[in-house]
file upload-v3.txt (compact mmCIF, C-alpha atoms)
# COMPACT_ATOMS: atom_id res chain seq x y z
CA MET N 14 8.81 5.72 5.95
CA ASN N 15 11.03 4.45 3.15
CA ALA N 16 9.53 6.97 0.73
CA ALA N 17 10.28 9.77 3.23
CA LEU N 18 13.82 8.48 3.79
CA ARG N 19 14.40 8.35 0.04
CA ALA N 20 13.18 11.94 -0.30
CA VAL N 21 15.40 13.16 2.55
CA VAL N 22 18.49 11.55 1.02
CA ARG N 23 17.84 12.79 -2.50
CA ALA N 24 16.87 16.30 -1.39
CA SER N 25 20.00 16.49 0.77
CA ILE N 26 22.19 15.54 -2.17
CA TYR N 27 20.34 18.04 -4.37
CA TYR N 28 21.23 20.78 -1.86
CA ASN N 29 24.84 19.54 -1.51
CA VAL N 30 24.33 18.28 2.05
CA GLU N 31 26.05 15.08 3.17
CA VAL N 32 23.56 12.69 4.73
CA PHE N 33 23.92 9.73 7.12
CA GLY N 34 21.41 7.09 8.12
CA ILE N 35 21.14 6.10 11.79
CA PHE N 36 20.03 2.49 12.18
CA ARG N 37 17.58 1.38 14.91
CA GLY N 38 16.62 4.90 15.94
CA TYR N 39 17.94 6.32 19.20
CA GLU N 40 19.36 2.94 20.19
CA GLY N 41 21.57 3.05 17.10
CA MET N 42 22.46 6.67 17.85
CA ILE N 43 23.74 5.65 21.30
CA GLU N 44 25.73 2.75 19.81
CA GLY N 45 27.09 4.75 16.88
CA ASP N 46 25.33 2.68 14.22
CA PHE N 47 25.71 5.29 11.44
CA GLN N 48 26.14 4.86 7.69
CA PRO N 49 26.63 7.44 4.93
CA LEU N 50 23.77 7.34 2.40
CA ASN N 51 23.71 8.20 -1.29
CA VAL N 52 21.30 7.89 -4.19
CA ARG N 53 22.05 4.18 -4.60
CA SER N 54 21.42 3.57 -0.88
CA VAL N 55 17.75 4.48 -1.33
CA ALA N 56 17.15 2.96 -4.74
CA ASN N 57 14.13 0.67 -5.12
CA ILE N 58 12.70 1.31 -1.64
CA ILE N 59 9.79 3.67 -2.32
CA GLN N 60 7.37 0.75 -2.79
CA ARG N 61 8.50 -1.14 0.35
CA GLY N 62 6.69 -1.05 3.68
CA GLY N 63 8.46 -0.53 6.99
CA THR N 64 11.86 1.16 7.04
CA ILE N 65 15.27 0.01 5.81
CA LEU N 66 16.85 1.85 8.75
CA LYS N 67 14.86 -0.34 11.19
CA SER N 68 13.47 1.02 14.45
CA ALA N 69 13.90 0.20 18.12
CA ARG N 70 12.72 1.46 21.48
CA SER N 71 15.47 2.88 23.67
CA GLU N 72 15.03 3.23 27.41
CA GLU N 73 18.64 4.38 27.69
CA PHE N 74 17.97 7.41 25.48
CA LYS N 75 15.46 8.64 28.06
CA THR N 76 18.37 9.19 30.45
CA THR N 77 20.77 12.15 30.43
CA GLU N 78 23.70 9.75 30.13
CA GLY N 79 22.18 7.99 27.14
CA ARG N 80 21.60 11.24 25.26
CA GLU N 81 25.11 12.40 26.08
CA GLN N 82 26.52 9.23 24.54
CA ALA N 83 24.30 9.69 21.48
CA TYR N 84 25.47 13.28 21.06
CA LYS N 85 29.12 12.21 21.24
CA HIS N 86 28.52 9.87 18.28
CA LEU N 87 26.73 12.63 16.38
CA LYS N 88 29.66 15.00 16.86
CA SER N 89 32.28 12.37 15.99
CA ASN N 90 30.46 11.86 12.68
CA GLU N 91 30.27 15.64 12.18
CA ILE N 92 26.48 15.56 12.09
CA ASP N 93 25.06 19.03 12.65
CA GLY N 94 21.34 18.44 12.07
CA LEU N 95 18.80 15.66 12.50
CA ILE N 96 15.61 14.60 10.72
CA ALA N 97 13.48 11.97 12.46
CA ILE N 98 10.50 10.10 11.03
CA GLY N 99 8.05 8.88 13.65
CA GLY N 100 5.52 9.83 16.28
CA ASP N 101 5.36 11.36 19.76
CA GLY N 102 8.27 9.35 21.15
CA SER N 103 10.58 10.28 18.29
CA PHE N 104 9.58 13.93 18.54
CA THR N 105 10.17 14.06 22.30
CA GLY N 106 13.64 12.56 21.91
CA LEU N 107 14.62 15.05 19.24
CA HIS N 108 13.28 17.93 21.32
CA LYS N 109 15.44 16.81 24.25
CA LEU N 110 18.56 16.79 22.04
CA HIS N 111 17.73 20.26 20.81
CA GLU N 112 17.18 21.55 24.35
CA GLU N 113 20.37 20.05 25.75
CA TYR N 114 22.77 20.51 22.84
CA GLY N 115 21.18 23.06 20.51
CA LEU N 116 21.15 20.55 17.64
CA PRO N 117 18.91 21.62 14.71
CA CYS N 118 16.08 19.08 14.46
CA ILE N 119 13.09 18.53 12.17
CA CYS N 120 10.45 15.81 12.61
CA VAL N 121 8.40 14.08 9.91
CA PRO N 122 5.11 12.59 11.20
CA GLY N 123 4.93 8.86 10.54
CA THR N 124 2.15 7.03 12.38
CA ILE N 125 -0.87 5.10 11.14
CA ASP N 126 -3.09 6.64 13.84
CA ASN N 127 -3.19 10.08 12.16
CA ASP N 128 -3.37 11.67 15.61
CA ILE N 129 -0.60 14.28 15.45
CA TYR N 130 -1.53 17.94 15.62
CA GLY N 131 -0.37 20.27 12.86
CA THR N 132 -0.96 18.02 9.87
CA ASP N 133 -4.05 16.79 8.05
CA TYR N 134 -2.41 13.42 7.39
CA THR N 135 0.48 11.39 8.77
CA ILE N 136 2.60 8.97 6.76
CA GLY N 137 1.14 5.45 6.91
CA TYR N 138 -2.43 6.38 7.76
CA ASP N 139 -3.78 6.06 4.22
CA THR N 140 -2.11 2.69 3.67
CA ALA N 141 -3.35 1.31 7.00
CA THR N 142 -6.90 2.51 6.33
CA ASN N 143 -6.93 1.00 2.85
CA THR N 144 -5.70 -2.30 4.33
CA ALA N 145 -8.54 -2.21 6.86
CA VAL N 146 -11.12 -1.47 4.15
CA GLU N 147 -9.85 -4.36 2.01
CA ALA N 148 -10.18 -6.72 4.98
CA ILE N 149 -13.67 -5.41 5.82
CA ASP N 150 -14.80 -6.01 2.23
CA LYS N 151 -13.65 -9.64 2.43
CA ILE N 152 -15.27 -10.16 5.81
CA ARG N 153 -18.55 -8.78 4.45
CA ASP N 154 -18.61 -11.59 1.87
CA THR N 155 -18.58 -14.14 4.69
CA ALA N 156 -21.09 -12.17 6.76
CA LEU N 157 -23.56 -12.05 3.85
CA SER N 158 -23.28 -15.77 3.19
CA HIS N 159 -23.87 -16.86 6.76
CA ASN N 160 -26.19 -14.28 8.39
CA ARG N 161 -23.42 -13.05 10.69
CA LEU N 162 -22.70 -9.96 12.72
CA PHE N 163 -18.97 -9.21 12.65
CA PHE N 164 -17.08 -7.04 15.09
CA ILE N 165 -13.89 -5.91 13.38
CA GLU N 166 -11.17 -4.41 15.56
CA VAL N 167 -8.77 -1.98 13.89
CA MET N 168 -5.77 -0.16 15.32
CA GLY N 169 -6.20 3.11 17.20
CA ARG N 170 -5.24 3.08 20.85
CA ASN N 171 -6.03 6.77 21.35
CA SER N 172 -7.44 7.73 17.97
CA GLY N 173 -10.47 6.57 16.02
CA SER N 174 -9.31 7.87 12.62
CA ILE N 175 -8.79 4.45 11.04
CA ALA N 176 -12.04 3.12 12.50
CA VAL N 177 -14.15 6.08 11.36
CA ASN N 178 -12.97 6.15 7.76
CA SER N 179 -12.69 2.39 7.25
CA GLY N 180 -16.14 2.08 8.82
CA ILE N 181 -17.64 4.64 6.42
CA ALA N 182 -15.89 3.03 3.44
CA GLY N 183 -16.86 -0.47 4.56
CA GLY N 184 -20.51 0.28 5.28
CA ALA N 185 -20.39 -0.40 9.03
CA VAL N 186 -23.65 -0.19 10.98
CA SER N 187 -21.76 1.28 13.93
CA ILE N 188 -18.27 2.63 14.62
CA ILE N 189 -16.87 2.53 18.17
CA ILE N 190 -13.97 4.93 18.85
CA PRO N 191 -12.13 6.30 21.92
CA GLU N 192 -13.27 9.87 21.31
CA VAL N 193 -17.02 9.15 21.49
CA GLU N 194 -18.91 7.54 24.37
CA THR N 195 -21.20 4.73 23.23
CA SER N 196 -23.22 2.46 25.53
CA ILE N 197 -24.10 -1.17 24.96
CA ASP N 198 -27.79 -0.21 24.93
CA GLU N 199 -27.16 2.29 22.12
CA LEU N 200 -25.15 -0.26 20.14
CA VAL N 201 -27.77 -3.00 20.57
CA ALA N 202 -30.52 -0.59 19.51
CA LYS N 203 -28.60 0.22 16.33
CA ILE N 204 -28.02 -3.47 15.57
CA ASN N 205 -31.70 -4.27 16.23
CA GLN N 206 -32.71 -1.75 13.59
CA GLY N 207 -31.08 -4.14 11.13
CA VAL N 208 -32.80 -7.10 12.73
CA ASP N 209 -36.17 -5.39 12.26
CA LYS N 210 -35.34 -4.91 8.58
CA ARG N 211 -34.28 -8.60 8.31
CA LYS N 212 -30.76 -7.63 7.25
CA ALA N 213 -28.66 -10.58 6.10
CA SER N 214 -25.50 -9.32 7.81
CA SER N 215 -24.02 -6.48 9.79
CA LEU N 216 -20.57 -5.05 10.59
CA VAL N 217 -19.35 -3.05 13.57
CA VAL N 218 -15.90 -1.46 13.43
CA VAL N 219 -14.13 -1.01 16.78
CA ALA N 220 -10.96 1.00 17.45
CA GLU N 221 -8.69 -0.96 19.81
CA GLY N 222 -8.72 1.89 22.35
CA SER N 223 -12.51 1.96 22.66
CA LYS N 224 -13.77 2.88 26.13
CA MET N 225 -16.31 0.04 25.80
CA GLY N 226 -13.47 -2.46 25.70
CA SER N 227 -12.03 -4.67 23.00
CA ALA N 228 -14.07 -6.00 20.08
CA MET N 229 -14.14 -9.38 21.82
CA GLU N 230 -15.50 -7.88 25.03
CA ILE N 231 -18.13 -5.84 23.21
CA ALA N 232 -19.23 -8.88 21.19
CA GLU N 233 -19.74 -10.90 24.38
CA LYS N 234 -21.96 -8.17 25.84
CA VAL N 235 -24.01 -7.88 22.63
CA LYS N 236 -24.58 -11.66 22.58
CA GLU N 237 -26.56 -11.26 25.78
CA HIS N 238 -29.08 -9.02 23.97
CA THR N 239 -29.63 -10.59 20.55
CA SER N 240 -29.65 -14.04 18.97
CA TYR N 241 -30.67 -13.02 15.45
CA PHE N 242 -27.10 -12.96 14.13
CA GLU N 243 -24.28 -15.40 14.64
CA ILE N 244 -21.64 -13.12 16.13
CA LYS N 245 -17.97 -13.28 15.07
CA VAL N 246 -14.91 -11.17 15.89
CA THR N 247 -11.92 -10.34 13.68
CA ILE N 248 -8.91 -8.47 15.03
CA LEU N 249 -6.83 -7.03 12.20
CA GLY N 250 -3.90 -6.11 14.44
CA HIS N 251 -0.47 -5.60 12.89
CA LEU N 252 -1.76 -6.58 9.47
CA GLN N 253 -2.48 -2.86 9.13
CA ARG N 254 1.13 -1.84 9.71
CA GLY N 255 2.73 -3.60 6.75
CA GLY N 256 2.48 -3.90 3.01
CA SER N 257 3.26 -1.74 0.04
CA PRO N 258 2.28 1.90 0.67
CA THR N 259 -0.51 3.53 -1.31
CA TYR N 260 0.24 6.17 -3.92
CA PHE N 261 -1.08 8.80 -1.50
CA ASP N 262 1.37 7.81 1.23
CA ARG N 263 4.28 7.66 -1.22
CA VAL N 264 3.58 11.16 -2.50
CA LEU N 265 2.89 12.55 0.98
CA ALA N 266 6.09 11.05 2.37
CA SER N 267 8.10 12.33 -0.61
CA LYS N 268 6.80 15.87 -0.17
CA MET N 269 7.40 15.80 3.57
CA GLY N 270 10.93 14.46 3.16
CA VAL N 271 11.87 17.25 0.76
CA ALA N 272 10.22 19.87 3.01
CA ALA N 273 12.14 18.58 6.05
CA VAL N 274 15.46 19.08 4.28
CA GLU N 275 14.48 22.51 3.01
CA PHE N 276 13.30 23.60 6.46
CA ILE N 277 16.53 22.55 8.16
CA VAL N 278 18.67 24.10 5.41
CA ASP N 279 16.70 27.34 5.90
CA GLY N 280 17.54 27.34 9.60
CA LYS N 281 14.21 26.13 10.98
CA THR N 282 14.54 23.83 13.98
CA ASP N 283 12.71 22.09 16.84
CA SER N 284 9.78 21.73 14.45
CA MET N 285 7.63 19.24 12.55
CA VAL N 286 6.68 19.10 8.90
CA GLY N 287 2.93 19.03 8.30
CA THR N 288 0.47 19.21 5.45
CA VAL N 289 -2.52 21.53 5.82
CA ASN N 290 -4.96 21.97 2.94
CA GLY N 291 -2.41 20.45 0.57
CA LYS N 292 0.45 22.79 1.58
CA MET N 293 3.61 21.91 3.51
CA VAL N 294 3.86 23.78 6.82
CA CYS N 295 6.39 24.02 9.65
CA ASN N 296 4.97 23.49 13.16
CA LYS N 297 6.85 24.38 16.34
CA PHE N 298 7.41 21.48 18.73
CA ASP N 299 5.39 23.03 21.57
CA ASP N 300 2.34 23.40 19.32
CA VAL N 301 2.53 19.79 18.16
CA MET N 302 3.09 18.19 21.56
CA HIS N 303 0.53 20.17 23.54
CA GLN N 304 -2.42 19.79 21.19
CA LYS N 305 -4.16 16.82 19.62
CA HIS N 306 -5.40 16.17 16.11
CA ALA N 307 -9.15 15.82 16.62
CA ILE N 308 -11.51 13.52 14.76
CA ASP N 309 -13.35 15.40 12.02
CA GLU N 310 -16.87 16.04 13.31
CA GLU N 311 -18.15 15.98 9.74
CA ASP N 312 -16.87 12.42 9.34
CA LEU N 313 -18.80 11.42 12.46
CA ARG N 314 -21.93 13.11 11.16
CA ILE N 315 -21.67 11.33 7.80
CA ALA N 316 -21.08 7.97 9.50
CA LYS N 317 -24.23 8.45 11.59
CA ILE N 318 -26.38 9.34 8.55
CA LEU N 319 -25.14 6.38 6.52
CA SER N 320 -25.64 3.80 9.27
CA ILE N 321 -29.46 3.81 9.09
call {"tool": "encode", "arguments": {"input": "upload-v3.txt", "output": "structure tokens"}}
result
Amino acid sequence: MNAALRAVVRASIYYNVEVFGIFRGYEGMIEGDFQPLNVRSVANIIQRGGTILKSARSEEFKTTEGREQAYKHLKSNEIDGLIAIGGDGSFTGLHKLHEEYGLPCICVPGTIDNDIYGTDYTIGYDTATNTAVEAIDKIRDTALSHNRLFFIEVMGRNSGSIAVNSGIAGGAVSIIIPEVETSIDELVAKINQGVDKRKASSLVVVAEGSKMGSAMEIAEKVKEHTSYFEIKVTILGHLQRGGSPTYFDRVLASKMGVAAVEFIVDGKTDSMVGTVNGKMVCNKFDDVMHQKHAIDEEDLRIAKILSI
């Protein structure tokens, strides 16, 4: 997010547009927590995780009165366009402002789940997946040394993107995701293939939103069917949400930030920046919010082939 913010500020200045930062998202908008930004304001932040503007959930912004108060602060600061970096909640809030007050708005997709329609990648996904792969590699060292079966839970409440790609990269024997139904019998059969081959270790990657339950719950069920491996569970949790962003995320965020400014300067509104086949595109809000970024079927096919 910091890389995107930096790009928005610098692109705005390049196009002679004054730019303000709103701290703590819509909560800060309601409270009038605004600050003018310049080149120095965003110096030395491209390598930092998180966001220097902070973020906060705002129940008040979901009300008509809350949005009216936010708009009053926008007008008093002479702000005539908004760029938000975030996910579904951020996009919905911006859409409401546009509907009610006609404010030009552009969204930049920032979520590690990579589940937003209209873009091949979202900001943060690559960094989170690389973090998961690094953790899986370290866990494999322990698994190999002690004849263990590890269940590793990664983030993905509604999307299995992190699980699928970290599972392929980490050599998982099975990948459990919300989008694909998997039974305990199927999972045990896959694990037992490794038992038959006298494998020294095995890894199963589980997305937190799995329909089979959490990694802990799945591990308990599997224990009832096999005693060959010592079974352990690791939940990566918010470890995946922090840290220095990868080069890919920095470049993606920079390109999206510049595109957001150029779109809003060109009069585009109520839209989201996306990247499709390496090109920046402008997606209308209705398209983004009423469709879902699907898991790549080819990724699932490859994962299945490699898990033998």
call {"tool": "residues_around", "arguments": {"input": "upload-v3.txt", "residues": "Gly102 (chain N)", "least_positions_apart": "2", "cutoff": "12 Å", "atoms": "all atoms listed in the file", "output": "ChimeraX atom specification"}}
result
/N:38-39,68-72,74-75,97-100,104-109,120,122-124,129,302
call {"tool": "closest_residue", "arguments": {"input": "upload-v3.txt", "among": "N:Ser267, N:Ser214, N:Lys203, N:Ala307", "to": "Asp154 (chain N)", "atoms": "all atoms listed in the file"}}
result
N:Ser214
call {"tool": "residues_around", "arguments": {"input": "upload-v3.txt", "residues": "Ser54 (chain N)", "least_positions_apart": "4", "cutoff": "12 Å", "atoms": "all atoms listed in the file", "output": "list of chain:residue names"}}
result
N:Asn15, N:Leu18, N:Arg19, N:Ala20, N:Val21, N:Val22, N:Arg23, N:Val32, N:Phe33, N:Gly34, N:Gln48, N:Pro49, N:Leu50, N:Ile58, N:Ile59, N:Ile65, N:Leu66
call {"tool": "closest_residue", "arguments": {"input": "upload-v3.txt", "among": "N:Gly183, N:Gly250, N:Gly256, N:Gly45", "to": "Gln60 (chain N)", "atoms": "all atoms listed in the file"}}
result
N:Gly256
call {"tool": "closest_atom_pairs", "arguments": {"input": "upload-v3.txt", "of": "region 136-220 of chain N", "to": "region 258-261 of chain N", "cutoff": "12 Å", "atoms": "all atoms listed in the file", "output": "Markdown table"}}
result
| residue | atom | partner | partner_atom | distance |
| --- | --- | --- | --- | --- |
| N:Ile136 | CA | N:Phe261 | CA | 9.0 |
| N:Gly137 | CA | N:Pro258 | CA | 7.3 |
| N:Tyr138 | CA | N:Pro258 | CA | 9.6 |
| N:Asp139 | CA | N:Phe261 | CA | 6.9 |
| N:Thr140 | CA | N:Thr259 | CA | 5.3 |
| N:Ala141 | CA | N:Pro258 | CA | 8.5 |
| N:Thr142 | CA | N:Thr259 | CA | 10.0 |
| N:Asn143 | CA | N:Thr259 | CA | 8.1 |
| N:Thr144 | CA | N:Thr259 | CA | 9.6 |
call {"tool": "residues_around", "arguments": {"input": "upload-v3.txt", "residues": "Ile181 (chain N)", "least_positions_apart": "3", "cutoff": "6 Å", "atoms": "all atoms listed in the file", "output": "PDB file with C-alpha atoms, keeping the file's coordinate frame"}}
result
ATOM      1  CA  ASN N 178     -12.970   6.150   7.760  1.00  0.00           C
ATOM      2  CA  GLY N 184     -20.510   0.280   5.280  1.00  0.00           C
ATOM      3  CA  ALA N 316     -21.080   7.970   9.500  1.00  0.00           C
TER       4      ALA N 316
END
call {"tool": "atom_distance", "arguments": {"input": "upload-v3.txt", "atom1": "CA of Ile204 (chain N)", "atom2": "CA of Glu310 (chain N)"}}
result
22.6 Å
call {"tool": "residues_near_point", "arguments": {"input": "upload-v3.txt", "point": "(-21.8, 9.5, 15.6)", "cutoff": "10 Å", "atoms": "all atoms listed in the file", "output": "VMD selection string"}}
result
chain N and resid 177 187 to 190 193 to 195 310 to 318 320
call {"tool": "axis_aligned_box", "arguments": {"input": "upload-v3.txt", "around": "region 173-179 of chain N", "padding_each_side": "5 Å", "output": "lines of an AutoDock Vina configuration file"}}
result
center_x = -11.5
center_y = 5.1
center_z = 11.6
size_x = 15.4
size_y = 15.5
size_z = 18.8
call {"tool": "atom_distance", "arguments": {"input": "upload-v3.txt", "atom1": "CA of Glu166 (chain N)", "atom2": "CA of Ala220 (chain N)"}}
result
5.7 Å
call {"tool": "build_atoms", "arguments": {"input": "upload-v3.txt", "residues": "region 218-229 of chain N", "atoms": "N, CA and C atoms", "output": "short mmCIF file (atom, residue, chain, number, x, y, z; two decimals), in the coordinates of the input"}}
result
data_model
loop_
_atom_site.label_atom_id
_atom_site.label_comp_id
_atom_site.auth_asym_id
_atom_site.auth_seq_id
_atom_site.Cartn_x
_atom_site.Cartn_y
_atom_site.Cartn_z
N VAL N 218 -17.34 -1.71 13.40
CA VAL N 218 -15.90 -1.46 13.43
C VAL N 218 -15.54 -0.86 14.78
N VAL N 219 -14.53 -1.42 15.43
CA VAL N 219 -14.13 -1.01 16.78
C VAL N 219 -12.66 -0.60 16.77
N ALA N 220 -12.36 0.61 17.25
CA ALA N 220 -10.96 1.00 17.45
C ALA N 220 -10.46 0.30 18.71
N GLU N 221 -9.21 -0.15 18.70
CA GLU N 221 -8.69 -0.96 19.81
C GLU N 221 -8.72 -0.23 21.15
N GLY N 222 -8.71 1.12 21.11
CA GLY N 222 -8.72 1.89 22.35
C GLY N 222 -10.11 2.27 22.82
N SER N 223 -11.13 1.64 22.29
CA SER N 223 -12.51 1.96 22.66
C SER N 223 -12.73 1.89 24.17
N LYS N 224 -13.47 2.86 24.69
CA LYS N 224 -13.77 2.88 26.13
C LYS N 224 -14.73 1.75 26.52
N MET N 225 -15.40 1.16 25.52
CA MET N 225 -16.31 0.04 25.80
C MET N 225 -15.54 -1.26 25.97
N GLY N 226 -14.26 -1.24 25.64
CA GLY N 226 -13.47 -2.46 25.70
C GLY N 226 -13.08 -2.95 24.33
N SER N 227 -12.46 -4.09 24.27
CA SER N 227 -12.03 -4.67 23.00
C SER N 227 -13.22 -5.16 22.20
N ALA N 228 -12.99 -5.46 20.92
CA ALA N 228 -14.07 -6.00 20.08
C ALA N 228 -14.61 -7.31 20.67
N MET N 229 -13.72 -8.11 21.22
CA MET N 229 -14.14 -9.38 21.82
C MET N 229 -15.06 -9.15 23.02
#
